[in-house]
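The next block holds one structure in the form of structure tokens; read it before the comments.
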Amino acid sequence: MQNSSITRSRPISKKKYTDYKQDLRKDFLFSCAYCSTAERDLHAKRFEIDHFLPQKFFPILSNQYLNLVWSCEECNNLKSDYYPGKIKKGYVFFRPDRYNFEDHFEITGNTIIGKTEKIGNFTIKMLNLNSKRLKTLRDIKNFQTDLDHKLEFGIFSLAKKLRNPDGLDKGYIFNFLQRLKELKNNYELAIKELAYDECSAYELDEDPEKLESAKERREYASNILQ
């Protein structure tokens, strides 16, 4: 059995599946189980509770916690009522509470690539995991990670160099490092605003790439359906 990327909790039984919202958010690290986008990155986009095995076909599992998945609105809509049994044998959506990400995907730059056909590639194509919006978010995160490393290295190196220097006021050193911390917080806020602006523009604009990917997805899905 493969190791999963996250660990599910075992909350007490609740009357309605919607009552599990906070449990799901924590279990899935406040991110979409399918595209991995964090809640903080989507702003206006909603997050929803997805029934991995759809209520339409499996009403008895409607309130079963392990059948519930935290999902962004877009992935939930694209996944729709597809489920194992409705599609060709062996094809199944990736779940981070069941499978290990590295077993089925790899990321090159801003593009996610499937390492397996019936889980990796299937999930990428059906949920459009290489959409312009998601690639943009990955570019921004890559930029932020690189900048974080450079800034942290610079602060560490400077702090080490200025440790107990002769003839330099310690209060000056403290204030200087505090200013660097404020600068880091300001740039992180700017990054978040950039992500919001880029993704909002994607949702509003008529994007030929978006229309083409939707066409390719429909064609792929028609071949996968039994």
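Ordering of the structure tokens sets the chain letters (A, B, ...), residue numbers begin anew at 1 in every chain, and ligands are numbered from 1 in the order given.
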Within 10 Å of segment 213-223 of chain A, which residues of segment 69-108 of chain A show up? Give each one with its shortest atom-to-atom distance in Å (one decimal) and the two atoms involved, counting only C-alpha atoms, rows by chain then rising residue number, as CSV.
```
residue,atom,partner,partner_atom,distance
A:Leu78,CA,A:Arg217,CA,9.7
A:Tyr82,CA,A:Ala221,CA,9.7
A:Ile87,CA,A:Ala221,CA,8.8
A:Lys88,CA,A:Asn223,CA,9.0
```
*Could you tell me, as a ChimeraX atom specification, which residues of segment 7-98 of chain A DSSP assigns to alpha helix (DSSP H) when given the backbone?*
/A:21-27,39-42,73-79
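Closest to Ile119 of chain A among A:Lys79, A:Arg133, A:Lys141, A:Arg95 is A:Arg95, based on only C-alpha atoms.
Separating atom CA of Ile12 of chain A from atom CA of Glu39 of chain A is a distance of 24.7 Å.
Taking atom CA of Ser71 of chain A and atom CA of Phe93 of chain A as the two end points, the separation is 12.5 Å.
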_Can you pull out the residues contacting segment 13-18 of chain A? Cut-off 9 Å, using only C-alpha atoms, and skip same-chain residues under 2 positions away; I want them as a PyMOL selection string._
chain A and resi 10-11+20-21+49+62-65+68
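Taking atom CA of Ile6 of chain A as the reference point, atom CA of Asp97 of chain A is found at 5.1 Å.
Minimum distance to Asn121 of chain A across A:Ile140, A:Lys135, A:Ile224, A:Thr145 (counting only C-alpha atoms) occurs at A:Ile224.
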*Skip Ser80 of chain A itself and residues of its chain fewer than 3 positions away, then list as a PyMOL selection string all residues within 12 Å of it, counting only C-alpha atoms.*
chain A and resi 50-57+71+73-77+83+86+93+126-127+221
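Residues within 12 Å of Asn100 of chain A, counting only C-alpha atoms and excluding same-chain residues fewer than 2 positions away, are Met1, Gln2, Asn3, Ser4, Ser5, Ile6, Thr7, Phe94, Arg95, Pro96, Asp97, Arg98, Glu102, Asp103, His104, Phe105, Glu106, Lys115, Thr116, Ile119 and Gly120 of chain A.
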Store the residues picked out above, limited to C-alpha atoms, as a tab-separated table (two decimals), in the first residue's frame.
```tsv
chain	number	residue	atom	x	y	z
A	1	MET	CA	0.00	0.00	0.00
A	2	GLN	CA	1.31	3.44	-0.91
A	3	ASN	CA	1.98	6.06	1.74
A	4	SER	CA	-0.42	8.99	1.56
A	5	SER	CA	0.63	12.64	1.40
A	6	ILE	CA	-1.60	13.62	4.33
A	7	THR	CA	-3.15	11.90	7.34
A	94	PHE	CA	-5.71	11.25	-7.13
A	95	ARG	CA	-6.37	11.69	-3.42
A	96	PRO	CA	-3.58	12.91	-1.13
A	97	ASP	CA	-5.09	10.91	1.74
A	98	ARG	CA	-4.77	7.68	-0.24
A	102	GLU	CA	5.58	11.70	-5.93
A	103	ASP	CA	4.35	8.28	-7.08
A	104	HIS	CA	1.99	9.83	-9.62
A	105	PHE	CA	3.27	13.31	-10.47
A	106	GLU	CA	6.36	15.40	-10.98
A	115	LYS	CA	4.01	9.56	-13.95
A	116	THR	CA	1.10	7.12	-14.07
A	119	ILE	CA	-4.19	8.19	-11.74
A	120	GLY	CA	-1.64	10.88	-12.65
```
